[in-house]
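The structure under discussion appears below in the form of structure tokens.
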Amino acid sequence: MKRLLTAALLLIPIIGFGLLHYQSAAVADMAPGSAAAAAAAPEMSAAQYSYSVKFVCGWQEEDVLAKGSVRPGIYATEINIHNYSYTPAGGINVLKNVIPLVIDGNPIGREPAWVKIGAVDGLTLPPEAATMDDCYRIGELLYGSPPPDPMPLTIGFLEVLTPIDVRVAAVYTTSNFDKQLVSIDVEEIAARMK
């Protein structure tokens, strides 16, 4: 059964260690260990495999230093999660934390600012099964459903947490506005214990 918490785009400024950072309204009210946090995420074991995947999605039209997190172009990311194990029989719980650094073309996570989790998602992934998160899904979690089209520049991390080792890969594509000069890159994401 899939459990989902969609965070609102409304960002709340918060002062932390003397620095301004942002946190989505839905996550700001979700203290660790609270009933809301428990309901939003599937059950996880104490030891977790963490896969930190960079995503770059949307259109960057401006070539202005203050907003120029990336060069002008069209960006897309697609993240694959493969549970290649045969156990446990019921599948594994996968928790996904979305940490946005650029929202709607605005670099909210540029130093000295910092951001925390902006959206939480999760599912149970059966043995020998795979799923994917792409710019559309990340857009749903950060902007609401359906996400804006074309999607404004959105950059951040998708942290994938699992109780066992899985395979995580990211596919990055870019093009110019004429949809020529296409570039594609595939990256395997290594796990770290958390």
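Residues are named by chain letter and number: chains run A, B, ... in the order of the structure tokens, numbers start at 1 in each chain, and ligands are numbered from 1 in the order shown.
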request  = Identify, on the basis of only C-alpha atoms, every residue whose closest approach to Met193 (chain A) does not exceed 8 Å; exclude the query and any residue fewer than 4 positions from it along the same chain; express the result as a ChimeraX atom specification.
outcome  = /A:47-50
Atoms kept (N, CA and C atoms) for selection, written as a PDB file, in the first residue's frame:
ATOM      1  N   ALA A  47      18.666   0.141  10.878  1.00  0.00           N
ATOM      2  CA  ALA A  47      19.748   0.365   9.915  1.00  0.00           C
ATOM      3  C   ALA A  47      19.122   0.561   8.541  1.00  0.00           C
ATOM      4  N   GLN A  48      19.538   1.596   7.840  1.00  0.00           N
ATOM      5  CA  GLN A  48      18.964   1.895   6.539  1.00  0.00           C
ATOM      6  C   GLN A  48      20.061   2.145   5.521  1.00  0.00           C
ATOM      7  N   TYR A  49      19.790   1.739   4.281  1.00  0.00           N
ATOM      8  CA  TYR A  49      20.638   2.103   3.153  1.00  0.00           C
ATOM      9  C   TYR A  49      20.109   3.427   2.620  1.00  0.00           C
ATOM     10  N   SER A  50      21.005   4.383   2.441  1.00  0.00           N
ATOM     11  CA  SER A  50      20.616   5.710   1.964  1.00  0.00           C
ATOM     12  C   SER A  50      21.272   5.960   0.611  1.00  0.00           C
TER      13      SER A  50
END
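When the distance limit is 9 Å and only C-alpha atoms are what count, the residues near Val53 (chain A), minus those fewer than 3 positions from it on the same chain, are A:Ile79, A:Gly156, A:Phe157, A:Leu158, A:Glu159, A:Val160, A:Val168, A:Ala169, A:Ala170, A:Ile189.
Proximity to Gly73 (chain A) was assessed for A:Gly58, A:Pro148, A:Gly118, A:Pro126 counting only C-alpha atoms; the smallest distance is recorded for A:Gly58.
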Non-local contacts of Ile99 (chain A) (12 Å; only C-alpha atoms; under 4 positions in same chain excluded) as a VMD selection string: chain A and resid 7 22 to 24 27 52 to 56 103 108 to 109 114 to 121 138 141 to 142 154 to 160
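Across A:Leu153, A:Ile81, A:Val166, A:Leu65, the tightest approach to Cys135 (chain A) is made by A:Leu153 when counting only C-alpha atoms.
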The residue from A:Thr131, A:Asn83, A:Gln60, A:Thr77 with the smallest atom-to-atom distance to Asp104 (chain A), counting only C-alpha atoms, is A:Gln60
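For the pair CA of Ser85 (chain A) and CA of Thr124 (chain A), the interatomic distance is 13.4 Å.
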